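Colleague: See input.cif below, with mmCIF, C-alpha atoms and all ligand atoms.
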data_model
loop_
_atom_site.group_PDB
_atom_site.id
_atom_site.type_symbol
_atom_site.label_atom_id
_atom_site.label_comp_id
_atom_site.auth_asym_id
_atom_site.auth_seq_id
_atom_site.Cartn_x
_atom_site.Cartn_y
_atom_site.Cartn_z
ATOM 1 C CA MET A 1 0.000 0.000 0.000
ATOM 2 C CA GLU A 2 1.561 3.225 -1.139
ATOM 3 C CA ILE A 3 0.614 6.499 0.540
ATOM 4 C CA ILE A 4 1.074 9.679 -1.436
ATOM 5 C CA GLU A 5 0.884 12.837 0.615
ATOM 6 C CA ALA A 6 -0.670 15.963 -0.847
ATOM 7 C CA LYS A 7 -0.601 19.447 0.657
ATOM 8 C CA ASN A 8 -4.298 20.054 0.163
ATOM 9 C CA TYR A 9 -7.421 19.034 -1.750
ATOM 10 C CA ASP A 10 -6.283 20.540 -5.021
ATOM 11 C CA GLU A 11 -2.883 18.859 -4.926
ATOM 12 C CA MET A 12 -4.589 15.527 -4.101
ATOM 13 C CA SER A 13 -6.909 16.004 -7.077
ATOM 14 C CA GLU A 14 -4.061 16.901 -9.405
ATOM 15 C CA LYS A 15 -2.017 13.865 -8.354
ATOM 16 C CA ALA A 16 -5.011 11.574 -8.871
ATOM 17 C CA ALA A 17 -5.676 13.045 -12.309
ATOM 18 C CA GLN A 18 -2.023 12.609 -13.280
ATOM 19 C CA LEU A 19 -2.150 8.976 -12.268
ATOM 20 C CA ILE A 20 -5.308 8.381 -14.312
ATOM 21 C CA LEU A 21 -3.945 10.268 -17.315
ATOM 22 C CA ALA A 22 -0.725 8.249 -17.272
ATOM 23 C CA LYS A 23 -2.837 5.072 -17.463
ATOM 24 C CA VAL A 24 -5.091 6.402 -20.237
ATOM 25 C CA LYS A 25 -2.034 7.372 -22.287
ATOM 26 C CA GLN A 26 -0.324 4.046 -21.669
ATOM 27 C CA GLU A 27 -3.317 1.844 -22.451
ATOM 28 C CA SER A 28 -5.979 3.584 -24.505
ATOM 29 C CA SER A 29 -8.582 0.799 -24.121
ATOM 30 C CA LEU A 30 -8.606 1.108 -20.372
ATOM 31 C CA VAL A 31 -11.415 0.083 -18.009
ATOM 32 C CA LEU A 32 -11.738 2.844 -15.430
ATOM 33 C CA GLY A 33 -13.771 2.378 -12.268
ATOM 34 C CA LEU A 34 -15.189 5.706 -11.125
ATOM 35 C CA ALA A 35 -16.629 7.166 -7.948
ATOM 36 C CA THR A 36 -18.976 10.047 -7.176
ATOM 37 C CA GLY A 37 -19.358 12.235 -4.080
ATOM 38 C CA GLY A 38 -17.472 15.374 -3.138
ATOM 39 C CA THR A 39 -13.970 13.925 -3.098
ATOM 40 C CA PRO A 40 -13.362 13.168 -6.815
ATOM 41 C CA VAL A 41 -14.885 16.421 -8.143
ATOM 42 C CA GLY A 42 -11.460 18.105 -8.297
ATOM 43 C CA THR A 43 -9.918 15.080 -10.024
ATOM 44 C CA TYR A 44 -12.576 15.255 -12.735
ATOM 45 C CA GLU A 45 -11.962 19.003 -13.084
ATOM 46 C CA HIS A 46 -8.284 18.308 -13.748
ATOM 47 C CA LEU A 47 -9.162 15.605 -16.310
ATOM 48 C CA VAL A 48 -11.508 18.012 -18.109
ATOM 49 C CA LYS A 49 -8.849 20.758 -18.066
ATOM 50 C CA ASP A 50 -6.319 18.315 -19.518
ATOM 51 C CA TYR A 51 -8.781 17.326 -22.236
ATOM 52 C CA GLN A 52 -9.354 20.969 -23.177
ATOM 53 C CA GLU A 53 -5.649 21.781 -23.194
ATOM 54 C CA ASN A 54 -4.055 18.558 -24.431
ATOM 55 C CA GLY A 55 -6.904 16.602 -25.998
ATOM 56 C CA THR A 56 -6.121 13.303 -24.233
ATOM 57 C CA SER A 57 -8.607 10.947 -25.875
ATOM 58 C CA TYR A 58 -11.048 8.613 -24.112
ATOM 59 C CA GLN A 59 -12.441 7.155 -27.363
ATOM 60 C CA HIS A 60 -11.484 3.621 -26.340
ATOM 61 C CA VAL A 61 -11.916 3.921 -22.579
ATOM 62 C CA HIS A 62 -14.800 2.154 -20.802
ATOM 63 C CA THR A 63 -15.990 3.340 -17.415
ATOM 64 C CA VAL A 64 -17.920 1.536 -14.698
ATOM 65 C CA ASN A 65 -19.214 3.477 -11.722
ATOM 66 C CA LEU A 66 -19.437 2.198 -8.206
ATOM 67 C CA ASP A 67 -23.037 2.940 -7.440
ATOM 68 C CA GLU A 68 -26.405 4.556 -8.054
ATOM 69 C CA TYR A 69 -29.373 5.434 -5.842
ATOM 70 C CA VAL A 70 -32.413 3.172 -6.065
ATOM 71 C CA GLY A 71 -35.541 4.963 -7.282
ATOM 72 C CA VAL A 72 -33.811 8.041 -8.697
ATOM 73 C CA GLU A 73 -34.335 8.532 -12.453
ATOM 74 C CA LYS A 74 -31.135 8.780 -14.528
ATOM 75 C CA GLU A 75 -32.127 12.296 -15.654
ATOM 76 C CA ASN A 76 -32.785 13.513 -12.105
ATOM 77 C CA PRO A 77 -30.213 16.154 -11.039
ATOM 78 C CA THR A 78 -29.394 14.135 -7.907
ATOM 79 C CA SER A 79 -28.649 10.860 -9.724
ATOM 80 C CA TYR A 80 -25.089 9.658 -10.102
ATOM 81 C CA HIS A 81 -25.786 9.349 -13.849
ATOM 82 C CA THR A 82 -26.273 13.136 -13.907
ATOM 83 C CA TYR A 83 -23.267 13.711 -11.640
ATOM 84 C CA MET A 84 -20.972 11.795 -13.992
ATOM 85 C CA LYS A 85 -22.332 13.521 -17.058
ATOM 86 C CA GLU A 86 -21.942 16.968 -15.553
ATOM 87 C CA HIS A 87 -18.563 16.490 -13.941
ATOM 88 C CA LEU A 88 -16.867 14.433 -16.631
ATOM 89 C CA PHE A 89 -18.569 12.622 -19.498
ATOM 90 C CA GLN A 90 -20.084 15.582 -21.357
ATOM 91 C CA HIS A 91 -16.721 17.376 -21.346
ATOM 92 C CA ILE A 92 -14.566 14.623 -22.883
ATOM 93 C CA ASP A 93 -14.758 12.473 -26.021
ATOM 94 C CA ILE A 94 -15.880 9.228 -24.360
ATOM 95 C CA PRO A 95 -18.726 7.543 -26.317
ATOM 96 C CA SER A 96 -21.764 7.412 -24.013
ATOM 97 C CA GLN A 97 -22.315 3.698 -24.705
ATOM 98 C CA GLN A 98 -18.913 3.055 -23.071
ATOM 99 C CA THR A 99 -19.934 4.661 -19.770
ATOM 100 C CA HIS A 100 -21.719 2.380 -17.335
ATOM 101 C CA LEU A 101 -23.565 2.901 -14.075
ATOM 102 C CA PRO A 102 -25.958 0.458 -12.420
ATOM 103 C CA ASN A 103 -29.557 0.899 -13.569
ATOM 104 C CA ALA A 104 -31.121 1.348 -10.158
ATOM 105 C CA MET A 105 -34.552 1.945 -11.748
ATOM 106 C CA ALA A 106 -34.717 -1.623 -13.070
ATOM 107 C CA ASN A 107 -37.828 -3.581 -12.096
ATOM 108 C CA ASP A 108 -35.719 -6.569 -11.143
ATOM 109 C CA LEU A 109 -32.827 -5.128 -9.183
ATOM 110 C CA GLN A 110 -31.314 -8.519 -8.390
ATOM 111 C CA ALA A 111 -31.123 -9.305 -12.099
ATOM 112 C CA GLU A 112 -29.604 -5.856 -12.696
ATOM 113 C CA CYS A 113 -26.893 -6.531 -10.093
ATOM 114 C CA GLN A 114 -26.083 -9.828 -11.816
ATOM 115 C CA LYS A 115 -25.983 -8.034 -15.184
ATOM 116 C CA TYR A 116 -23.577 -5.424 -13.795
ATOM 117 C CA GLU A 117 -21.228 -8.150 -12.535
ATOM 118 C CA GLU A 118 -21.370 -9.819 -15.961
ATOM 119 C CA LEU A 119 -20.668 -6.515 -17.671
ATOM 120 C CA ILE A 120 -17.549 -5.937 -15.554
ATOM 121 C CA GLU A 121 -16.390 -9.464 -16.339
ATOM 122 C CA LYS A 122 -17.017 -9.000 -20.030
ATOM 123 C CA LEU A 123 -14.964 -5.795 -20.026
ATOM 124 C CA GLY A 124 -12.136 -7.679 -18.376
ATOM 125 C CA ARG A 125 -10.901 -6.627 -14.950
ATOM 126 C CA ILE A 126 -11.142 -2.961 -13.957
ATOM 127 C CA ASP A 127 -7.686 -1.540 -14.640
ATOM 128 C CA LEU A 128 -7.934 1.328 -12.168
ATOM 129 C CA GLN A 129 -10.698 1.819 -9.623
ATOM 130 C CA LEU A 130 -11.026 5.265 -8.065
ATOM 131 C CA LEU A 131 -12.500 5.277 -4.552
ATOM 132 C CA GLY A 132 -13.556 7.739 -1.901
ATOM 133 C CA ILE A 133 -14.226 6.668 1.682
ATOM 134 C CA GLY A 134 -17.182 7.334 3.974
ATOM 135 C CA VAL A 135 -16.533 8.617 7.505
ATOM 136 C CA ASN A 136 -17.792 5.199 8.635
ATOM 137 C CA GLY A 137 -15.292 3.423 6.372
ATOM 138 C CA HIS A 138 -17.652 2.512 3.557
ATOM 139 C CA ILE A 139 -16.335 2.023 0.032
ATOM 140 C CA GLY A 140 -18.907 2.212 -2.716
ATOM 141 C CA PHE A 141 -22.033 2.000 -0.567
ATOM 142 C CA ASN A 142 -20.780 -1.061 1.256
ATOM 143 C CA GLU A 143 -21.592 -0.016 4.790
ATOM 144 C CA PRO A 144 -19.940 -1.391 7.973
ATOM 145 C CA GLY A 145 -20.758 -5.069 8.454
ATOM 146 C CA THR A 146 -20.932 -5.866 4.720
ATOM 147 C CA SER A 147 -19.350 -9.186 3.860
ATOM 148 C CA PHE A 148 -15.969 -8.886 2.164
ATOM 149 C CA ALA A 149 -17.299 -11.534 -0.255
ATOM 150 C CA SER A 150 -20.124 -9.278 -1.473
ATOM 151 C CA THR A 151 -20.691 -8.717 -5.181
ATOM 152 C CA THR A 152 -22.865 -6.017 -6.794
ATOM 153 C CA ASN A 153 -25.962 -5.790 -4.654
ATOM 154 C CA VAL A 154 -28.796 -3.666 -3.316
ATOM 155 C CA VAL A 155 -27.954 -2.106 0.019
ATOM 156 C CA GLU A 156 -29.729 -0.063 2.628
ATOM 157 C CA LEU A 157 -27.927 3.194 3.372
ATOM 158 C CA THR A 158 -27.120 3.913 7.008
ATOM 159 C CA ALA A 159 -28.663 6.922 8.716
ATOM 160 C CA SER A 160 -25.251 8.619 8.863
ATOM 161 C CA THR A 161 -24.659 8.191 5.117
ATOM 162 C CA ARG A 162 -28.133 9.528 4.331
ATOM 163 C CA GLU A 163 -27.567 12.485 6.648
ATOM 164 C CA LYS A 164 -24.233 13.285 5.057
ATOM 165 C CA ASN A 165 -25.641 13.099 1.525
ATOM 166 C CA ALA A 166 -28.774 15.118 2.407
ATOM 167 C CA CYS A 167 -26.991 18.305 1.268
ATOM 168 C CA TYR A 168 -27.393 17.145 -2.356
ATOM 169 C CA PHE A 169 -31.205 16.950 -2.053
ATOM 170 C CA ASP A 170 -33.809 19.729 -1.650
ATOM 171 C CA ASN A 171 -35.482 17.871 1.173
ATOM 172 C CA PRO A 172 -33.853 15.422 3.627
ATOM 173 C CA PHE A 173 -36.848 13.101 3.096
ATOM 174 C CA ASP A 174 -35.874 12.796 -0.576
ATOM 175 C CA VAL A 175 -32.577 11.074 0.271
ATOM 176 C CA PRO A 176 -32.923 7.510 -1.038
ATOM 177 C CA THR A 177 -32.896 4.707 1.475
ATOM 178 C CA HIS A 178 -31.245 2.171 -0.846
ATOM 179 C CA ALA A 179 -28.582 2.016 -3.522
ATOM 180 C CA VAL A 180 -27.101 -0.487 -5.933
ATOM 181 C CA THR A 181 -23.397 -0.776 -5.263
ATOM 182 C CA MET A 182 -20.509 -2.721 -6.651
ATOM 183 C CA GLY A 183 -19.606 -5.269 -3.993
ATOM 184 C CA ILE A 184 -16.400 -5.413 -2.003
ATOM 185 C CA SER A 185 -15.128 -8.513 -3.801
ATOM 186 C CA THR A 186 -15.901 -6.828 -7.147
ATOM 187 C CA ILE A 187 -13.862 -3.776 -6.127
ATOM 188 C CA MET A 188 -11.022 -6.003 -4.872
ATOM 189 C CA LYS A 189 -10.717 -7.692 -8.288
ATOM 190 C CA SER A 190 -9.551 -4.370 -9.802
ATOM 191 C CA LYS A 191 -5.930 -4.402 -10.931
ATOM 192 C CA GLN A 192 -5.183 -1.116 -9.207
ATOM 193 C CA ILE A 193 -7.131 0.869 -6.619
ATOM 194 C CA VAL A 194 -6.653 4.571 -5.954
ATOM 195 C CA LEU A 195 -8.242 5.797 -2.736
ATOM 196 C CA LEU A 196 -8.659 9.541 -2.297
ATOM 197 C CA VAL A 197 -8.921 10.941 1.213
ATOM 198 C CA SER A 198 -9.324 14.605 1.979
ATOM 199 C CA GLY A 199 -10.152 16.795 4.943
ATOM 200 C CA LYS A 200 -10.021 16.512 8.723
ATOM 201 C CA GLN A 201 -13.404 14.802 8.885
ATOM 202 C CA LYS A 202 -11.696 11.779 7.234
ATOM 203 C CA ALA A 203 -8.605 11.766 9.506
ATOM 204 C CA GLN A 204 -10.091 9.356 12.030
ATOM 205 C CA ILE A 205 -11.265 6.767 9.511
ATOM 206 C CA LEU A 206 -7.934 6.903 7.673
ATOM 207 C CA PHE A 207 -6.204 6.292 11.006
ATOM 208 C CA LYS A 208 -8.499 3.303 11.679
ATOM 209 C CA LEU A 209 -7.982 1.892 8.200
ATOM 210 C CA LEU A 210 -4.213 2.036 8.567
ATOM 211 C CA THR A 211 -3.909 0.861 12.156
ATOM 212 C CA GLU A 212 -6.745 -1.572 12.874
ATOM 213 C CA PRO A 213 -6.727 -5.182 11.743
ATOM 214 C CA THR A 214 -8.766 -5.880 8.613
ATOM 215 C CA ASN A 215 -12.382 -6.302 9.712
ATOM 216 C CA GLU A 216 -15.835 -6.011 8.183
ATOM 217 C CA GLN A 217 -16.818 -3.167 10.523
ATOM 218 C CA VAL A 218 -14.358 -1.003 8.577
ATOM 219 C CA PRO A 219 -15.083 -2.009 4.969
ATOM 220 C CA ALA A 220 -12.115 -0.050 3.575
ATOM 221 C CA SER A 221 -9.727 -2.041 5.794
ATOM 222 C CA ILE A 222 -9.889 -4.839 3.177
ATOM 223 C CA LEU A 223 -7.789 -2.631 0.919
ATOM 224 C CA LYS A 224 -4.746 -3.658 2.964
ATOM 225 C CA GLN A 225 -5.112 -7.133 1.410
ATOM 226 C CA HIS A 226 -4.850 -5.777 -2.145
ATOM 227 C CA ASP A 227 -1.423 -5.754 -3.735
ATOM 228 C CA HIS A 228 -1.745 -2.519 -5.695
ATOM 229 C CA VAL A 229 -3.421 0.225 -3.701
ATOM 230 C CA VAL A 230 -2.388 3.852 -3.775
ATOM 231 C CA ILE A 231 -3.839 6.193 -1.153
ATOM 232 C CA ILE A 232 -3.626 9.858 -2.071
ATOM 233 C CA ALA A 233 -4.391 11.847 1.055
ATOM 234 C CA ASP A 234 -4.079 15.489 1.960
ATOM 235 C CA GLN A 235 -2.431 16.807 5.094
ATOM 236 C CA GLU A 236 -5.681 17.281 6.990
ATOM 237 C CA ALA A 237 -6.684 13.668 6.362
ATOM 238 C CA LEU A 238 -3.220 12.484 7.446
ATOM 239 C CA MET A 239 -3.336 14.530 10.672
ATOM 240 C CA GLU A 240 -4.088 11.645 13.058
ATOM 241 C CA ILE A 241 -1.857 9.003 11.532
ATOM 242 C CA LYS A 242 1.080 11.416 11.533
ATOM 243 C CA GLN A 243 0.801 11.843 15.300
ATOM 244 C CA ILE A 244 1.895 8.257 15.836
ATOM 245 C CA ARG A 245 4.456 8.044 13.035
HETATM 246 C C1 LIG A 301 -19.383 7.345 -4.260
HETATM 247 C C2 LIG A 301 -19.180 6.315 -3.246
HETATM 248 C C3 LIG A 301 -18.946 6.638 -1.814
HETATM 249 C C4 LIG A 301 -18.155 7.926 -1.574
HETATM 250 C C5 LIG A 301 -18.034 8.200 -0.081
HETATM 251 C C6 LIG A 301 -17.298 9.495 0.207
HETATM 252 O O1 LIG A 301 -19.584 6.752 -5.529
HETATM 253 O O2 LIG A 301 -19.255 5.186 -3.581
HETATM 254 O O3 LIG A 301 -18.267 5.560 -1.222
HETATM 255 O O4 LIG A 301 -16.889 7.805 -2.149
HETATM 256 O O5 LIG A 301 -19.309 8.273 0.485
HETATM 257 O O6 LIG A 301 -18.089 10.564 -0.217
HETATM 258 P P1 LIG A 301 -17.503 12.038 -0.246
HETATM 259 O O7 LIG A 301 -16.442 12.050 -1.277
HETATM 260 O O8 LIG A 301 -18.675 12.890 -0.641
HETATM 261 O O9 LIG A 301 -16.980 12.329 1.125
#
In structure tokens, write the structure found in this file.

Modeller:
Amino acid sequence: MEIIEAKNYDEMSEKAAQLILAKVKQESSLVLGLATGGTPVGTYEHLVKDYQENGTSYQHVHTVNLDEYVGVEKENPTSYHTYMKEHLFQHIDIPSQQTHLPNAMANDLQAECQKYEELIEKLGRIDLQLLGIGVNGHIGFNEPGTSFASTTNVVELTASTREKNACYFDNPFDVPTHAVTMGISTIMKSKQIVLLVSGKQKAQILFKLLTEPTNEQVPASILKQHDHVVIIADQEALMEIKQIR
């Protein structure tokens, strides 16, 4: 597990974008695993800026996102489909049929989860999976207690996750209760994982992830078992771990 230290959020974002761009340039038909939430916004901004200035092409790249809210239409401003379009896809030359997110509006969600697993398999392994981390240690929407063996599945969001994400909705009652998320074992099959951690509110969970034994109460702790994980963290997020190092 490599830890790359960044001064602040912007430097973290720039380093993450550089890492992704190096991969895209090296292997044009890359499978990129993407995340949503506040943390990767800056990374996507740097990718868009690079596209405008240098024209790095995504014509042969496929993307698979970690998750989507159940019951939220793709076109809804709060969906992760919309998030990805607005922050990245509409600004670069990736063909839309090569961008994938779970269809959490499907009538048969179990069948959709199975289909998503099959899609990832068909694409080959994810070359680089970008991750953020919840303050409770979740990756994707795999909340504490999720089996490390989980595959893409429908999950119930914890009260703390719903509270934290309420800022993206007009009304706290609109925050979905469930999501479809890539499972932990699906994420772990990725060839490389890049975890972004920013801000003092993430310092405690980063400390736990790095110091506590791997356990299902801290879903991200499984990342220690992966042989190619890069954590890019800013100084605020590294605050607690630095006190003991
Ligand atoms: C997003 C995702 C989540 C977020 C996590 C952190 O697709 O799967 O695991 O990465 O909730 O969210 P932020 O970045 O908003 O703190």

Colleague: Using all atoms listed in the file, find all polymer residues with an atom at most 12 Å away from the point (-27.4, 2.1, 7.0); report them as a list in words.

Modeller: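 Residues with an atom close enough to that point: Gly134, Asn136, His138, Phe141, Asn142, Glu143, Pro144, Gly145, Thr146, Val154, Val155, Glu156, Leu157, Thr158, Ala159, Ser160, Thr161, Arg162, Glu163, Lys164, Pro176, Thr177, His178 and Ala179 of chain A.
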
Colleague: Between chain A and ligand LIG 301 (chain A), at 10 Å or less, what are the per-residue closest atom pairs and their distances in Å? Count only C-alpha atoms and all ligand atoms, order by chain and rising residue number, and return it as a tab-separated table.

Modeller:
residue	atom	partner	partner_atom	distance
A:Gly33	CA	A:LIG301	O1	9.9
A:Leu34	CA	A:LIG301	O1	7.2
A:Ala35	CA	A:LIG301	O1	3.8
A:Thr36	CA	A:LIG301	O1	3.7
A:Gly37	CA	A:LIG301	O8	3.6
A:Gly38	CA	A:LIG301	O8	3.7
A:Thr39	CA	A:LIG301	O7	3.6
A:Pro40	CA	A:LIG301	O7	6.4
A:Val41	CA	A:LIG301	O7	8.3
A:Asn65	CA	A:LIG301	O1	7.0
A:Leu66	CA	A:LIG301	O1	5.3
A:Asp67	CA	A:LIG301	O1	5.5
A:Glu68	CA	A:LIG301	O1	7.6
A:Tyr69	CA	A:LIG301	O1	9.9
A:Tyr80	CA	A:LIG301	O1	7.7
A:Tyr83	CA	A:LIG301	O1	10.0
A:Met84	CA	A:LIG301	O1	9.9
A:Leu130	CA	A:LIG301	O4	8.7
A:Leu131	CA	A:LIG301	O4	5.6
A:Gly132	CA	A:LIG301	O4	3.3
A:Ile133	CA	A:LIG301	C6	4.4
A:Gly134	CA	A:LIG301	O5	4.2
A:Val135	CA	A:LIG301	C6	7.4
A:Asn136	CA	A:LIG301	O5	8.8
A:Gly137	CA	A:LIG301	O3	8.4
A:His138	CA	A:LIG301	O3	5.7
A:Ile139	CA	A:LIG301	O3	4.2
A:Gly140	CA	A:LIG301	O2	3.1
A:Phe141	CA	A:LIG301	O2	5.2
A:Asn142	CA	A:LIG301	O3	7.5
A:Glu143	CA	A:LIG301	O3	8.8
A:Thr161	CA	A:LIG301	O5	7.1
A:Arg162	CA	A:LIG301	O5	9.7
A:Lys164	CA	A:LIG301	O8	8.0
A:Asn165	CA	A:LIG301	O8	7.3
A:Tyr168	CA	A:LIG301	O8	9.9
A:Ala179	CA	A:LIG301	O2	9.9
A:Val180	CA	A:LIG301	O2	10.0
A:Thr181	CA	A:LIG301	O2	7.5
A:Met182	CA	A:LIG301	O2	8.6
A:Leu195	CA	A:LIG301	O4	8.9
A:Leu196	CA	A:LIG301	O7	8.2
A:Val197	CA	A:LIG301	O7	8.0
A:Ser198	CA	A:LIG301	O9	8.0
A:Gly199	CA	A:LIG301	O9	9.0
A:Gln201	CA	A:LIG301	O9	8.9
A:Lys202	CA	A:LIG301	O9	8.1
A:Ala220	CA	A:LIG301	O3	9.6

Colleague: Compile the contact shell of A:Lys7 as a ChimeraX atom specification: residues with an atom at most 10 Å away, counting all atoms listed in the file, same-chain residues fewer than 5 positions apart removed.

Modeller: /A:12,233-236

Colleague: Can you work out which one of A:Lys191, A:Lys49, A:His100, A:His87 has the shortest atom-to-atom distance to A:Ile126, counting all atoms listed in the file?

Modeller: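 Between A:Lys191, A:Lys49, A:His100, A:His87, the residue approaching A:Ile126 most closely is A:Lys191.
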
Colleague: To one decimal place in Å, what is the distance between atom CA of A:Ser57 and atom CA of A:Ile232?

Modeller: 24.3 Å

Colleague: Using all atoms listed in the file, what residues lie at most 6 Å away from (-8.5, 3.1, -26.5) (file coordinates), given as a VMD selection string?

Modeller: chain A and resid 28 to 29 59 to 61

Colleague: Calculated over all atoms listed in the file, which of the candidates A:Leu128, A:Leu119, A:Leu101, A:Ile4 has the smallest distance to A:Ala22?

Modeller: A:Leu128

Colleague: Quick one: of A:Leu109, A:Ala237, A:Cys167, A:Ile222, who's nearest to A:Phe148, counting only C-alpha atoms?

Modeller: A:Ile222

Colleague: Could you state the separation of atom CA of A:Ser147 and atom CA of A:Gln192 in Å, given to one decimal place?

Modeller: 20.9 Å

Colleague: Mind telling me what the PyMOL selection byres (((chain A and resi 43) around 8) and not hetatm) catches here, as a PyMOL selection string?

Modeller: chain A and resi 12-14+16-17+40-42+44-47

Colleague: So what do you get for atom CA of A:Tyr58 versus atom CA of A:Gly124, distance-wise?

Modeller: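 Calculated distance between atom CA of A:Tyr58 and atom CA of A:Gly124 is 17.3 Å.
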
Colleague: Quick one: which residues end up in the PyMOL selection byres (((chain A and resi 188) around 10) and not hetatm) for this structure, as number ranges by chain?

Modeller: A: 126, 129, 148-149, 183-187, 189-193, 222-223, 225-229

Colleague: What does the file look like for those residues with C-alpha atoms, as a tab-separated table (two decimals), in the coordinates of the input?

Modeller:
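Result file is selection-v3.tsv:
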chain	number	residue	atom	x	y	z
A	126	ILE	CA	-11.14	-2.96	-13.96
A	129	GLN	CA	-10.70	1.82	-9.62
A	148	PHE	CA	-15.97	-8.89	2.16
A	149	ALA	CA	-17.30	-11.53	-0.26
A	183	GLY	CA	-19.61	-5.27	-3.99
A	184	ILE	CA	-16.40	-5.41	-2.00
A	185	SER	CA	-15.13	-8.51	-3.80
A	186	THR	CA	-15.90	-6.83	-7.15
A	187	ILE	CA	-13.86	-3.78	-6.13
A	189	LYS	CA	-10.72	-7.69	-8.29
A	190	SER	CA	-9.55	-4.37	-9.80
A	191	LYS	CA	-5.93	-4.40	-10.93
A	192	GLN	CA	-5.18	-1.12	-9.21
A	193	ILE	CA	-7.13	0.87	-6.62
A	222	ILE	CA	-9.89	-4.84	3.18
A	223	LEU	CA	-7.79	-2.63	0.92
A	225	GLN	CA	-5.11	-7.13	1.41
A	226	HIS	CA	-4.85	-5.78	-2.14
A	227	ASP	CA	-1.42	-5.75	-3.74
A	228	HIS	CA	-1.74	-2.52	-5.70
A	229	VAL	CA	-3.42	0.22	-3.70

Colleague: Please determine, counting only C-alpha atoms, which residue among A:Thr99, A:Ala111, A:Arg125, A:Val230 has the shortest atom-to-atom distance to A:Ile20.

Modeller: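 Of all the options, A:Val230 lies closest to A:Ile20.
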
Colleague: Fewer than 3 positions away in the same chain doesn't count, so skip those; otherwise give me all residues within 10 Å of A:Glu240, counting only C-alpha atoms, as a list of chain:residue names.

Modeller: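 Near neighbours after the sequence-gap exclusion: A:Lys200, A:Lys202, A:Ala203, A:Gln204, A:Ile205, A:Leu206, A:Phe207, A:Lys208, A:Gln235, A:Glu236, A:Ala237, A:Gln243, A:Ile244, A:Arg245.
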
Colleague: For stretch 215-219 of chain A, supply all heavy atoms and report the output as a PDB file, in the coordinates of the input.

Modeller:
ATOM      1  N   ASN A 215     -11.141  -5.749   9.175  1.00  0.00           N
ATOM      2  CA  ASN A 215     -12.382  -6.302   9.712  1.00  0.00           C
ATOM      3  C   ASN A 215     -13.569  -5.677   9.026  1.00  0.00           C
ATOM      4  O   ASN A 215     -13.502  -4.545   8.551  1.00  0.00           O
ATOM      5  CB  ASN A 215     -12.436  -6.125  11.240  1.00  0.00           C
ATOM      6  CG  ASN A 215     -12.736  -4.700  11.637  1.00  0.00           C
ATOM      7  OD1 ASN A 215     -13.897  -4.347  11.851  1.00  0.00           O
ATOM      8  ND2 ASN A 215     -11.729  -3.849  11.734  1.00  0.00           N
ATOM      9  N   GLU A 216     -14.669  -6.427   8.982  1.00  0.00           N
ATOM     10  CA  GLU A 216     -15.835  -6.011   8.183  1.00  0.00           C
ATOM     11  C   GLU A 216     -16.542  -4.788   8.755  1.00  0.00           C
ATOM     12  O   GLU A 216     -17.377  -4.195   8.079  1.00  0.00           O
ATOM     13  CB  GLU A 216     -16.793  -7.201   7.992  1.00  0.00           C
ATOM     14  CG  GLU A 216     -16.190  -8.227   7.042  1.00  0.00           C
ATOM     15  CD  GLU A 216     -17.042  -9.468   6.808  1.00  0.00           C
ATOM     16  OE1 GLU A 216     -18.021  -9.681   7.559  1.00  0.00           O
ATOM     17  OE2 GLU A 216     -16.719 -10.241   5.879  1.00  0.00           O
ATOM     18  N   GLN A 217     -16.213  -4.391   9.982  1.00  0.00           N
ATOM     19  CA  GLN A 217     -16.818  -3.167  10.523  1.00  0.00           C
ATOM     20  C   GLN A 217     -16.185  -1.916   9.902  1.00  0.00           C
ATOM     21  O   GLN A 217     -16.723  -0.823   9.997  1.00  0.00           O
ATOM     22  CB  GLN A 217     -16.684  -3.118  12.058  1.00  0.00           C
ATOM     23  CG  GLN A 217     -17.566  -4.129  12.783  1.00  0.00           C
ATOM     24  CD  GLN A 217     -19.023  -4.115  12.280  1.00  0.00           C
ATOM     25  OE1 GLN A 217     -19.629  -3.055  12.104  1.00  0.00           O
ATOM     26  NE2 GLN A 217     -19.577  -5.302  12.025  1.00  0.00           N
ATOM     27  N   VAL A 218     -15.008  -2.105   9.309  1.00  0.00           N
ATOM     28  CA  VAL A 218     -14.358  -1.003   8.577  1.00  0.00           C
ATOM     29  C   VAL A 218     -14.128  -1.519   7.148  1.00  0.00           C
ATOM     30  O   VAL A 218     -13.079  -2.056   6.827  1.00  0.00           O
ATOM     31  CB  VAL A 218     -13.000  -0.598   9.230  1.00  0.00           C
ATOM     32  CG1 VAL A 218     -12.382   0.583   8.468  1.00  0.00           C
ATOM     33  CG2 VAL A 218     -13.195  -0.249  10.699  1.00  0.00           C
ATOM     34  N   PRO A 219     -15.167  -1.390   6.297  1.00  0.00           N
ATOM     35  CA  PRO A 219     -15.083  -2.009   4.969  1.00  0.00           C
ATOM     36  C   PRO A 219     -13.782  -1.689   4.213  1.00  0.00           C
ATOM     37  O   PRO A 219     -13.179  -2.568   3.588  1.00  0.00           O
ATOM     38  CB  PRO A 219     -16.308  -1.441   4.249  1.00  0.00           C
ATOM     39  CG  PRO A 219     -17.282  -1.170   5.349  1.00  0.00           C
ATOM     40  CD  PRO A 219     -16.468  -0.726   6.522  1.00  0.00           C
TER      41      PRO A 219
END
